[in-house]
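K.L.:
This is the structure, below, for whatever I ask next.
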Amino acid sequence: MSAIARWCIRYRFAVIAAWVIVLIGLSALAQAVKSDYNNSFSVPGSGSTTAQQLLARTIPSQSGDSDTIVWQVRAGTVRNLAVVARMSGVLNRISKFPEVAAVTSPYGPGGGGQISHDGRIAYATVGFTKPSGSLIAADVTRVLDAADAAREPGLEVQLGGQAFENNKPSPSASSAVGVLAAAIVLFIAFGSLLAMLLPLVTAVAGVTGGLMGIALLTHVMNVVTLAPFLGALIGLGVGIDYALFIVTRHRRGLEAGLTPEEAAVTAIDTSGRAALFAGGTVCVCMLGILVLGFSFLNGLAIACALTVACTVLAAVTLLPALLGVFGQRVLSGRQRRRLSAQPEAAVKVKGEGEAGRGAWTRWADTVQRRPAALAAVAAVVMLVLALPVLHLRLAISDQGNDPASSTTRQAYDLLAKGFGPGFNGPLVLVAQASSPADTAALQSLVTRLPSVGDVAGVKTIAVAGGTRVIQVTPRTSPQDTATYALIAALRDRTIPAAERGTSLRVYVGGPSATLADFTAAVSAKFPWFLITIIGLSFLLLVVAFRSLLIPATAAVMNLLAAAASFGVLTAFFQWGWGTSAFGMGAASPVEAFLPVFMLPILFGLSTDYQVFLVSRINEEWVRNRDNGRAIRAGQAGTARVITAAATIMICVFVAFAVTNNLDLAEFGVGLAAAVALDAFILRTILVPAIMHISGNANWSLPGWLDRRLPRLTIEPGEEIPVLRPHKPANPDPRILMIL
């Protein structure tokens, strides 16, 4: 790492120019080829996927996304001649748009069922030629604009369905808000405008490179539109944190009397090395998602790992070049004046290993004196916060949880009011009958379906040869547990009974069935996924710290932090405590894909803080072999920067939590809670307390295992000569103990 740092500093202007050229080139290339995001996801081998494939093969007009345009009159009925003329003209225009397969109007033959009993609400079905995830934004926006133009006083027009859900405005302003909040925290921490800007510039450069890379990645694999926003959320958080650790160590090196070049080299060779390891851990944990085998999640995981990798690359190449350019100006004016007034002898900076009496040093002494009591209190707090997770329900929320001002939410409410809540998520039964006996069995099934519990309506919507498409409307909303139970009842009892003794095959499809299949598949594979990411992070820490107890403790802490953060999510979103308080929509189940994506991020970030804390403790342990002193010194020296880094990350995550996107809001709240608990409870109380209780067992490793493990140094603790910059000819070597 020192050789890389020296090269980047020596050729600093070339490195900066290379970054600028690469970012401009990537941006131009991404703009030229555009992005090709794909929001479709399916579970291979599931009934919903088979139904979709069968529709695409036999009745292509029914295989695309089906969305609704809903209108309501304030007075009279939707059959008023003026309303009929206005809406018929709009629907006729929409039917001729590209990618629109058909528009089913309530004013056409057999359209009476599309008008509510009181005559005030009606809807039209817009059938697209492709699934919603495969439609480009322009084709959906064209329909949106045409429907918006139909609105007038007394006539409300709203649009619902997955295509319009995917076309919501992007929460890009959250990135700017997160960066601004991080800038404020950095300025308070450093007291220098330039020192504040360096981590921000480094992180933004890395995230920009990652986002441009994601745009190119969309042409190689399926990547959902959520990927760049989630990548920005994670990349900004870790990128600013890594740069913060490096700049902090560089500034302390300057205060100790090192030249700007030596201070930068030392910072990269220590904190930069730790950032490289921590970033690699985040990427490895993220790529653990690949074991699930869902293309929908694979693209998301690789996209986010790519962004993290770019931020780490910026931290160990661009940042040292910038440090080389600005020299001692990264210190505040007061620090530079104080440094100039020092005697010519080397200055010893009060660091982690010294007996300074700062607040964090006093706290470290308190933890050392009462480790058992403090560990018990911290564990109780975490367990209390984790209690709601026992009631966690994973599902996919419906558009009834969208913000009240959104057109999808208002369309949802109108349909529920006029036709019942289940109308927002009808099931689609795709049947294949190849003989008269099959046809008779299918007709018997259609006759029995209305008597199945929680079925509100049944109708045949398409027939082509031996394939028949039947729409089943539940009585309950798409995210309701009763709807999931109805899908299970149809698949496990009703349909098998009709198929028995025939070659008839009936598959349950539609958005609700697809989401139910996805939830079930994720739940089935979740234990293997959890074992994978715990095992990977455990092995990395064993190699890093030559210990079994420290990685085992970290694994337990990560699980505890995960349970507590999902407990917060359960109370905030599922119980509605937070959504009602902050106007974020109705209470909803936690998104089914959230655990499999949030846990690798959480484990990676938790491992980051474990690395920065324990690597400093390990440095002291290697030096003096005193467990208590090493823990006290490591905790006192890293607590301030870890809590500052956590505060920055919390600001970034909270900024994403206040968007109109429920998925991002859940990620933001969950990760903000996890980082806060990790930094302010686990790393400042529970981990050091347990290490005090464990004593020298922290550092035990069987000899046979020690000989077989590769050697990996995260933060070398070598002696570094500390020089006064203005008198290098007569250096006074000291042991520099800095972050």
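Identifiers for the structure tokens are assigned positionally: chains receive A, B, ... in sequence, residues are indexed from 1 per chain, and ligands are indexed from 1 in the order shown.
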Residues near stretch 545-554 of chain A, anyone? I mean within 6 Å using only C-alpha atoms, not counting same-chain ones fewer than 5 positions away, as a PyMOL selection string.
P.N.:
chain A and resi 538+698-701
K.L.:
Quick one: residues within 10 Å of stretch 512-517 of chain A, only C-alpha atoms counted, chain neighbours fewer than 6 positions away excluded, as a ChimeraX atom specification?
P.N.:
/A:41-49,51-52,394-398,424-428,477-479,483-488,523,592
K.L.:
Run DSSP on the backbone and tell me which residues of stretch 296-529 of chain A come out as strand (DSSP E); list them as an MDAnalysis selection string.
P.N.:
chainID A and resid 394:395 427:432 455:464 467:474 505:509
K.L.:
If you keep N, CA and C atoms, can you produce a file of those selected residues as a PDB file, in the first residue's frame?
P.N.:
```pdb
ATOM      1  N   LEU A 394     -42.891 -10.921   6.238  1.00  0.00           N
ATOM      2  CA  LEU A 394     -42.284 -10.569   4.960  1.00  0.00           C
ATOM      3  C   LEU A 394     -43.295 -10.770   3.845  1.00  0.00           C
ATOM      4  N   ALA A 395     -43.447  -9.762   3.026  1.00  0.00           N
ATOM      5  CA  ALA A 395     -44.342  -9.834   1.870  1.00  0.00           C
ATOM      6  C   ALA A 395     -43.945  -8.704   0.937  1.00  0.00           C
ATOM      7  N   LEU A 427     -56.034 -12.490  -9.486  1.00  0.00           N
ATOM      8  CA  LEU A 427     -55.226 -13.652  -9.851  1.00  0.00           C
ATOM      9  C   LEU A 427     -55.579 -14.059 -11.283  1.00  0.00           C
ATOM     10  N   VAL A 428     -54.614 -14.603 -11.977  1.00  0.00           N
ATOM     11  CA  VAL A 428     -54.829 -15.045 -13.353  1.00  0.00           C
ATOM     12  C   VAL A 428     -54.570 -16.547 -13.424  1.00  0.00           C
ATOM     13  N   LEU A 429     -55.600 -17.311 -13.742  1.00  0.00           N
ATOM     14  CA  LEU A 429     -55.462 -18.756 -13.904  1.00  0.00           C
ATOM     15  C   LEU A 429     -55.302 -19.051 -15.395  1.00  0.00           C
ATOM     16  N   VAL A 430     -54.192 -19.666 -15.750  1.00  0.00           N
ATOM     17  CA  VAL A 430     -53.924 -20.029 -17.143  1.00  0.00           C
ATOM     18  C   VAL A 430     -54.082 -21.541 -17.252  1.00  0.00           C
ATOM     19  N   ALA A 431     -55.068 -21.968 -18.029  1.00  0.00           N
ATOM     20  CA  ALA A 431     -55.394 -23.396 -18.108  1.00  0.00           C
ATOM     21  C   ALA A 431     -55.113 -23.920 -19.509  1.00  0.00           C
ATOM     22  N   GLN A 432     -54.593 -25.163 -19.564  1.00  0.00           N
ATOM     23  CA  GLN A 432     -54.365 -25.859 -20.827  1.00  0.00           C
ATOM     24  C   GLN A 432     -55.218 -27.125 -20.839  1.00  0.00           C
ATOM     25  N   VAL A 455     -63.056 -15.577  -2.540  1.00  0.00           N
ATOM     26  CA  VAL A 455     -63.132 -15.264  -3.964  1.00  0.00           C
ATOM     27  C   VAL A 455     -64.336 -14.360  -4.177  1.00  0.00           C
ATOM     28  N   ALA A 456     -64.097 -13.160  -4.720  1.00  0.00           N
ATOM     29  CA  ALA A 456     -65.180 -12.192  -4.924  1.00  0.00           C
ATOM     30  C   ALA A 456     -65.787 -12.306  -6.310  1.00  0.00           C
ATOM     31  N   GLY A 457     -65.005 -12.737  -7.310  1.00  0.00           N
ATOM     32  CA  GLY A 457     -65.536 -12.816  -8.660  1.00  0.00           C
ATOM     33  C   GLY A 457     -64.670 -13.668  -9.558  1.00  0.00           C
ATOM     34  N   VAL A 458     -65.282 -14.239 -10.596  1.00  0.00           N
ATOM     35  CA  VAL A 458     -64.571 -15.092 -11.561  1.00  0.00           C
ATOM     36  C   VAL A 458     -65.080 -14.753 -12.950  1.00  0.00           C
ATOM     37  N   LYS A 459     -64.160 -14.569 -13.909  1.00  0.00           N
ATOM     38  CA  LYS A 459     -64.588 -14.374 -15.292  1.00  0.00           C
ATOM     39  C   LYS A 459     -63.485 -14.813 -16.246  1.00  0.00           C
ATOM     40  N   THR A 460     -63.892 -15.316 -17.396  1.00  0.00           N
ATOM     41  CA  THR A 460     -62.950 -15.711 -18.437  1.00  0.00           C
ATOM     42  C   THR A 460     -62.615 -14.478 -19.271  1.00  0.00           C
ATOM     43  N   ILE A 461     -61.316 -14.201 -19.440  1.00  0.00           N
ATOM     44  CA  ILE A 461     -60.927 -12.978 -20.151  1.00  0.00           C
ATOM     45  C   ILE A 461     -60.278 -13.254 -21.501  1.00  0.00           C
ATOM     46  N   ALA A 462     -59.899 -14.509 -21.778  1.00  0.00           N
ATOM     47  CA  ALA A 462     -59.322 -14.817 -23.092  1.00  0.00           C
ATOM     48  C   ALA A 462     -59.366 -16.321 -23.325  1.00  0.00           C
ATOM     49  N   VAL A 463     -59.566 -16.702 -24.603  1.00  0.00           N
ATOM     50  CA  VAL A 463     -59.542 -18.108 -25.011  1.00  0.00           C
ATOM     51  C   VAL A 463     -58.806 -18.183 -26.338  1.00  0.00           C
ATOM     52  N   ALA A 464     -57.859 -19.113 -26.450  1.00  0.00           N
ATOM     53  CA  ALA A 464     -57.123 -19.324 -27.704  1.00  0.00           C
ATOM     54  C   ALA A 464     -56.787 -20.797 -27.804  1.00  0.00           C
ATOM     55  N   THR A 467     -56.042 -23.082 -24.700  1.00  0.00           N
ATOM     56  CA  THR A 467     -55.616 -22.253 -23.567  1.00  0.00           C
ATOM     57  C   THR A 467     -56.728 -21.289 -23.184  1.00  0.00           C
ATOM     58  N   ARG A 468     -56.996 -21.218 -21.899  1.00  0.00           N
ATOM     59  CA  ARG A 468     -58.061 -20.351 -21.400  1.00  0.00           C
ATOM     60  C   ARG A 468     -57.506 -19.542 -20.225  1.00  0.00           C
ATOM     61  N   VAL A 469     -57.814 -18.241 -20.215  1.00  0.00           N
ATOM     62  CA  VAL A 469     -57.333 -17.351 -19.154  1.00  0.00           C
ATOM     63  C   VAL A 469     -58.523 -16.921 -18.309  1.00  0.00           C
ATOM     64  N   ILE A 470     -58.441 -17.209 -17.009  1.00  0.00           N
ATOM     65  CA  ILE A 470     -59.545 -16.932 -16.088  1.00  0.00           C
ATOM     66  C   ILE A 470     -59.048 -15.947 -15.026  1.00  0.00           C
ATOM     67  N   GLN A 471     -59.807 -14.889 -14.830  1.00  0.00           N
ATOM     68  CA  GLN A 471     -59.450 -13.906 -13.797  1.00  0.00           C
ATOM     69  C   GLN A 471     -60.242 -14.187 -12.534  1.00  0.00           C
ATOM     70  N   VAL A 472     -59.520 -14.329 -11.423  1.00  0.00           N
ATOM     71  CA  VAL A 472     -60.141 -14.572 -10.124  1.00  0.00           C
ATOM     72  C   VAL A 472     -59.846 -13.358  -9.244  1.00  0.00           C
ATOM     73  N   THR A 473     -60.905 -12.693  -8.792  1.00  0.00           N
ATOM     74  CA  THR A 473     -60.737 -11.503  -7.948  1.00  0.00           C
ATOM     75  C   THR A 473     -60.917 -11.880  -6.484  1.00  0.00           C
ATOM     76  N   PRO A 474     -59.880 -11.715  -5.655  1.00  0.00           N
ATOM     77  CA  PRO A 474     -60.023 -12.012  -4.221  1.00  0.00           C
ATOM     78  C   PRO A 474     -60.887 -10.962  -3.523  1.00  0.00           C
ATOM     79  N   ARG A 505     -54.069 -28.891 -17.061  1.00  0.00           N
ATOM     80  CA  ARG A 505     -53.067 -28.218 -16.240  1.00  0.00           C
ATOM     81  C   ARG A 505     -53.476 -26.763 -16.065  1.00  0.00           C
ATOM     82  N   VAL A 506     -53.540 -26.326 -14.812  1.00  0.00           N
ATOM     83  CA  VAL A 506     -53.942 -24.958 -14.481  1.00  0.00           C
ATOM     84  C   VAL A 506     -52.861 -24.336 -13.607  1.00  0.00           C
ATOM     85  N   TYR A 507     -52.401 -23.158 -14.001  1.00  0.00           N
ATOM     86  CA  TYR A 507     -51.338 -22.460 -13.274  1.00  0.00           C
ATOM     87  C   TYR A 507     -51.866 -21.118 -12.770  1.00  0.00           C
ATOM     88  N   VAL A 508     -51.525 -20.799 -11.526  1.00  0.00           N
ATOM     89  CA  VAL A 508     -51.965 -19.538 -10.920  1.00  0.00           C
ATOM     90  C   VAL A 508     -50.884 -18.487 -11.137  1.00  0.00           C
ATOM     91  N   GLY A 509     -51.249 -17.424 -11.863  1.00  0.00           N
ATOM     92  CA  GLY A 509     -50.304 -16.348 -12.135  1.00  0.00           C
ATOM     93  C   GLY A 509     -50.866 -15.003 -11.731  1.00  0.00           C
TER      94      GLY A 509
END
```
K.L.:
Could you name the residues that touch A:Leu193 at 12 Å or less, counting only C-alpha atoms, but leaving out those on the same chain fewer than 2 positions away, as a list in words?
P.N.:
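Counting only the stated atoms, we get Ala183, Ile184, Val185, Leu186, Phe187, Ile188, Ala189, Phe190, Gly191, Ala195, Met196, Leu197, Leu198, Pro199, Leu200, Arg329, Val330, Leu331, Ser332 and Gly333 of chain A.
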K.L.:
Could you pull out the residues in stretch 396-609 of chain A that DSSP calls alpha helix (DSSP H) from the backbone, as number ranges by chain?
P.N.:
A: 407-419, 436-448, 481-489, 495-499, 511-545, 549-569, 577-581, 594-609
K.L.:
Store the residues picked out above, limited to C-alpha atoms, as a short mmCIF file (atom, residue, chain, number, x, y, z; two decimals), in the first residue's frame.
P.N.:
```cif
data_model
loop_
_atom_site.label_atom_id
_atom_site.label_comp_id
_atom_site.auth_asym_id
_atom_site.auth_seq_id
_atom_site.Cartn_x
_atom_site.Cartn_y
_atom_site.Cartn_z
CA THR A 407 -51.71 8.65 -8.62
CA THR A 408 -51.13 4.94 -7.99
CA ARG A 409 -52.36 5.26 -4.39
CA GLN A 410 -55.43 7.29 -5.42
CA ALA A 411 -56.25 4.80 -8.19
CA TYR A 412 -55.90 1.97 -5.67
CA ASP A 413 -58.28 3.68 -3.27
CA LEU A 414 -60.85 4.39 -6.00
CA LEU A 415 -60.82 0.78 -7.20
CA ALA A 416 -61.11 -0.52 -3.65
CA LYS A 417 -64.00 1.88 -2.99
CA GLY A 418 -65.88 1.01 -6.18
CA PHE A 419 -65.12 -2.68 -6.64
CA PRO A 436 -63.01 -33.02 -24.04
CA ALA A 437 -62.45 -34.47 -20.56
CA ASP A 438 -60.03 -31.63 -19.78
CA THR A 439 -62.55 -29.05 -21.01
CA ALA A 440 -65.28 -30.54 -18.84
CA ALA A 441 -62.99 -30.58 -15.80
CA LEU A 442 -62.04 -26.95 -16.45
CA GLN A 443 -65.67 -25.90 -16.72
CA SER A 444 -66.38 -27.67 -13.42
CA LEU A 445 -63.47 -25.78 -11.84
CA VAL A 446 -64.78 -22.42 -13.09
CA THR A 447 -68.20 -23.27 -11.64
CA ARG A 448 -66.72 -24.11 -8.22
CA THR A 481 -52.44 -12.66 4.43
CA ALA A 482 -55.84 -13.95 3.30
CA THR A 483 -54.83 -13.40 -0.34
CA TYR A 484 -51.70 -15.48 0.18
CA ALA A 485 -53.86 -18.14 1.83
CA LEU A 486 -56.23 -18.11 -1.16
CA ILE A 487 -53.34 -18.66 -3.58
CA ALA A 488 -52.14 -21.59 -1.47
CA ALA A 489 -55.67 -23.05 -1.28
CA ILE A 495 -56.93 -26.99 -8.70
CA PRO A 496 -55.40 -30.45 -7.96
CA ALA A 497 -58.93 -31.77 -7.32
CA ALA A 498 -60.05 -30.51 -10.74
CA GLU A 499 -56.96 -31.87 -12.51
CA PRO A 511 -48.70 -10.02 -9.90
CA SER A 512 -49.98 -11.22 -6.51
CA ALA A 513 -49.07 -14.84 -7.25
CA THR A 514 -45.64 -13.81 -8.57
CA LEU A 515 -44.91 -11.87 -5.39
CA ALA A 516 -46.17 -14.73 -3.23
CA ASP A 517 -43.87 -17.15 -5.09
CA PHE A 518 -40.93 -14.80 -4.66
CA THR A 519 -41.59 -14.43 -0.93
CA ALA A 520 -41.83 -18.21 -0.49
CA ALA A 521 -38.65 -18.86 -2.51
CA VAL A 522 -36.65 -16.27 -0.56
CA SER A 523 -37.85 -17.68 2.77
CA ALA A 524 -36.87 -21.21 1.71
CA LYS A 525 -33.31 -20.22 0.73
CA PHE A 526 -32.76 -17.67 3.48
CA PRO A 527 -31.04 -20.00 6.00
CA TRP A 528 -28.38 -21.01 3.43
CA PHE A 529 -27.89 -17.40 2.50
CA LEU A 530 -27.43 -16.38 6.14
CA ILE A 531 -24.91 -19.19 6.72
CA THR A 532 -22.98 -18.04 3.63
CA ILE A 533 -22.53 -14.41 4.64
CA ILE A 534 -21.81 -15.26 8.30
CA GLY A 535 -19.25 -17.84 7.21
CA LEU A 536 -17.53 -15.50 4.76
CA SER A 537 -17.23 -12.64 7.25
CA PHE A 538 -16.04 -15.07 9.96
CA LEU A 539 -13.28 -16.48 7.74
CA LEU A 540 -12.10 -13.02 6.69
CA LEU A 541 -11.80 -11.89 10.31
CA VAL A 542 -10.01 -15.11 11.33
CA VAL A 543 -7.37 -14.42 8.67
CA ALA A 544 -7.15 -10.75 9.62
CA PHE A 545 -6.80 -11.10 13.41
CA LEU A 549 -13.02 -15.64 19.53
CA ILE A 550 -12.94 -12.17 17.94
CA PRO A 551 -14.60 -13.33 14.67
CA ALA A 552 -17.13 -15.39 16.66
CA THR A 553 -17.96 -12.33 18.77
CA ALA A 554 -18.30 -10.24 15.62
CA ALA A 555 -20.71 -12.79 14.10
CA VAL A 556 -22.91 -12.72 17.22
CA MET A 557 -22.80 -8.91 17.30
CA ASN A 558 -23.80 -8.76 13.63
CA LEU A 559 -26.75 -11.05 14.24
CA LEU A 560 -27.78 -9.00 17.27
CA ALA A 561 -27.56 -5.76 15.28
CA ALA A 562 -29.57 -7.36 12.46
CA ALA A 563 -32.30 -8.56 14.84
CA ALA A 564 -32.54 -5.13 16.51
CA SER A 565 -32.66 -3.25 13.20
CA PHE A 566 -35.40 -5.53 11.86
CA GLY A 567 -37.22 -5.06 15.15
CA VAL A 568 -37.14 -1.32 14.48
CA LEU A 569 -38.35 -1.93 10.91
CA TRP A 577 -45.61 3.55 14.34
CA GLY A 578 -43.27 5.47 12.03
CA THR A 579 -45.27 5.60 8.81
CA SER A 580 -48.24 7.27 10.50
CA ALA A 581 -46.01 9.68 12.44
CA LEU A 594 -35.20 -6.57 2.17
CA PRO A 595 -33.53 -9.14 4.49
CA VAL A 596 -31.55 -10.82 1.73
CA PHE A 597 -30.25 -7.47 0.56
CA MET A 598 -29.99 -5.51 3.76
CA LEU A 599 -28.21 -8.22 5.76
CA PRO A 600 -25.09 -8.36 3.53
CA ILE A 601 -24.85 -4.57 3.69
CA LEU A 602 -25.36 -4.62 7.45
CA PHE A 603 -22.81 -7.40 7.94
CA GLY A 604 -20.33 -5.60 5.72
CA LEU A 605 -20.72 -2.27 7.52
CA SER A 606 -20.60 -3.92 10.95
CA THR A 607 -17.43 -5.72 9.91
CA ASP A 608 -16.02 -2.33 8.84
CA TYR A 609 -16.35 -0.95 12.36
#
```
K.L.:
Name the residues in contact with A:Tyr242 at a cut-off of 9 Å, using only C-alpha atoms, excluding same-chain residues fewer than 2 positions from it; report them as a PyMOL selection string.
P.N.:
chain A and resi 199+203+237-240+244-247+271-272+274-276+278-279+311-312+315+645
K.L.:
Write out as a list in words each polymer residue whose atoms come within 10 Å of A:Met212, counting only C-alpha atoms; drop sequence neighbours fewer than 2 positions from it.
P.N.:
Leu23, Ile24, Gly25, Leu26, Ser27, Ala28, Leu29, Ala30, Gln31, Ser35, Val207, Thr208, Gly209, Gly210, Ile214, Ala215, Leu216, Leu217, Pro228 and Thr307 of chain A
K.L.:
What would the file look like if the residues just selected were written as a short mmCIF file (atom, residue, chain, number, x, y, z; two decimals), in the first residue's frame with N, CA and C atoms?
P.N.:
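out02.cif written:
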```
data_model
loop_
_atom_site.label_atom_id
_atom_site.label_comp_id
_atom_site.auth_asym_id
_atom_site.auth_seq_id
_atom_site.Cartn_x
_atom_site.Cartn_y
_atom_site.Cartn_z
N LEU A 23 -13.89 9.42 -15.60
CA LEU A 23 -15.28 9.73 -15.25
C LEU A 23 -16.01 10.38 -16.43
N ILE A 24 -15.32 11.29 -17.12
CA ILE A 24 -15.94 11.91 -18.29
C ILE A 24 -16.19 10.86 -19.38
N GLY A 25 -15.22 9.98 -19.59
CA GLY A 25 -15.37 8.94 -20.59
C GLY A 25 -16.51 7.98 -20.27
N LEU A 26 -16.58 7.56 -18.99
CA LEU A 26 -17.67 6.67 -18.60
C LEU A 26 -19.03 7.35 -18.75
N SER A 27 -19.08 8.63 -18.37
CA SER A 27 -20.34 9.37 -18.49
C SER A 27 -20.76 9.48 -19.95
N ALA A 28 -19.82 9.78 -20.81
CA ALA A 28 -20.14 9.90 -22.24
C ALA A 28 -20.58 8.56 -22.81
N LEU A 29 -19.89 7.49 -22.42
CA LEU A 29 -20.25 6.16 -22.91
C LEU A 29 -21.63 5.74 -22.41
N ALA A 30 -21.90 6.00 -21.11
CA ALA A 30 -23.20 5.65 -20.56
C ALA A 30 -24.31 6.45 -21.23
N GLN A 31 -24.02 7.72 -21.54
CA GLN A 31 -25.02 8.54 -22.21
C GLN A 31 -25.26 8.06 -23.64
N SER A 35 -29.18 3.46 -20.67
CA SER A 35 -29.32 2.35 -19.73
C SER A 35 -30.47 1.46 -20.18
N VAL A 207 -18.58 7.10 -6.32
CA VAL A 207 -19.98 6.77 -6.58
C VAL A 207 -20.35 7.07 -8.03
N THR A 208 -19.84 8.20 -8.56
CA THR A 208 -20.11 8.53 -9.96
C THR A 208 -19.59 7.45 -10.90
N GLY A 209 -18.36 7.01 -10.65
CA GLY A 209 -17.81 5.92 -11.46
C GLY A 209 -18.64 4.66 -11.35
N GLY A 210 -19.09 4.36 -10.13
CA GLY A 210 -19.92 3.18 -9.94
C GLY A 210 -21.25 3.28 -10.66
N ILE A 214 -22.82 0.99 -13.56
CA ILE A 214 -24.10 0.30 -13.46
C ILE A 214 -24.91 0.48 -14.74
N ALA A 215 -24.88 1.70 -15.30
CA ALA A 215 -25.60 1.95 -16.55
C ALA A 215 -25.11 1.03 -17.66
N LEU A 216 -23.79 0.81 -17.71
CA LEU A 216 -23.24 -0.11 -18.71
C LEU A 216 -23.59 -1.55 -18.38
N LEU A 217 -23.63 -1.87 -17.08
CA LEU A 217 -23.94 -3.23 -16.65
C LEU A 217 -25.33 -3.66 -17.07
N PRO A 228 -29.26 1.99 -9.05
CA PRO A 228 -28.42 3.18 -8.89
C PRO A 228 -28.70 3.94 -7.60
N THR A 307 -20.20 -0.32 -7.09
CA THR A 307 -20.12 1.03 -6.55
C THR A 307 -19.19 1.09 -5.35
#
```
K.L.:
For atom CA of A:Tyr123 and atom CA of A:Ala56, quote the distance in Å rounded to one decimal.
P.N.:
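Computing the Euclidean distance for atom CA of A:Tyr123 and atom CA of A:Ala56 yields 25.0 Å.
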K.L.:
Find the distance between atom CA of A:Asp678 and atom CA of A:Ala644 and write it in Å to one decimal.
P.N.:
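Those two atoms sit 12.7 Å apart.
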K.L.:
Grab the atom CA of A:Ala232 to atom CA of A:Phe296 distance for me, in Å with one decimal place.
P.N.:
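Calculated distance between atom CA of A:Ala232 and atom CA of A:Phe296 is 18.4 Å.
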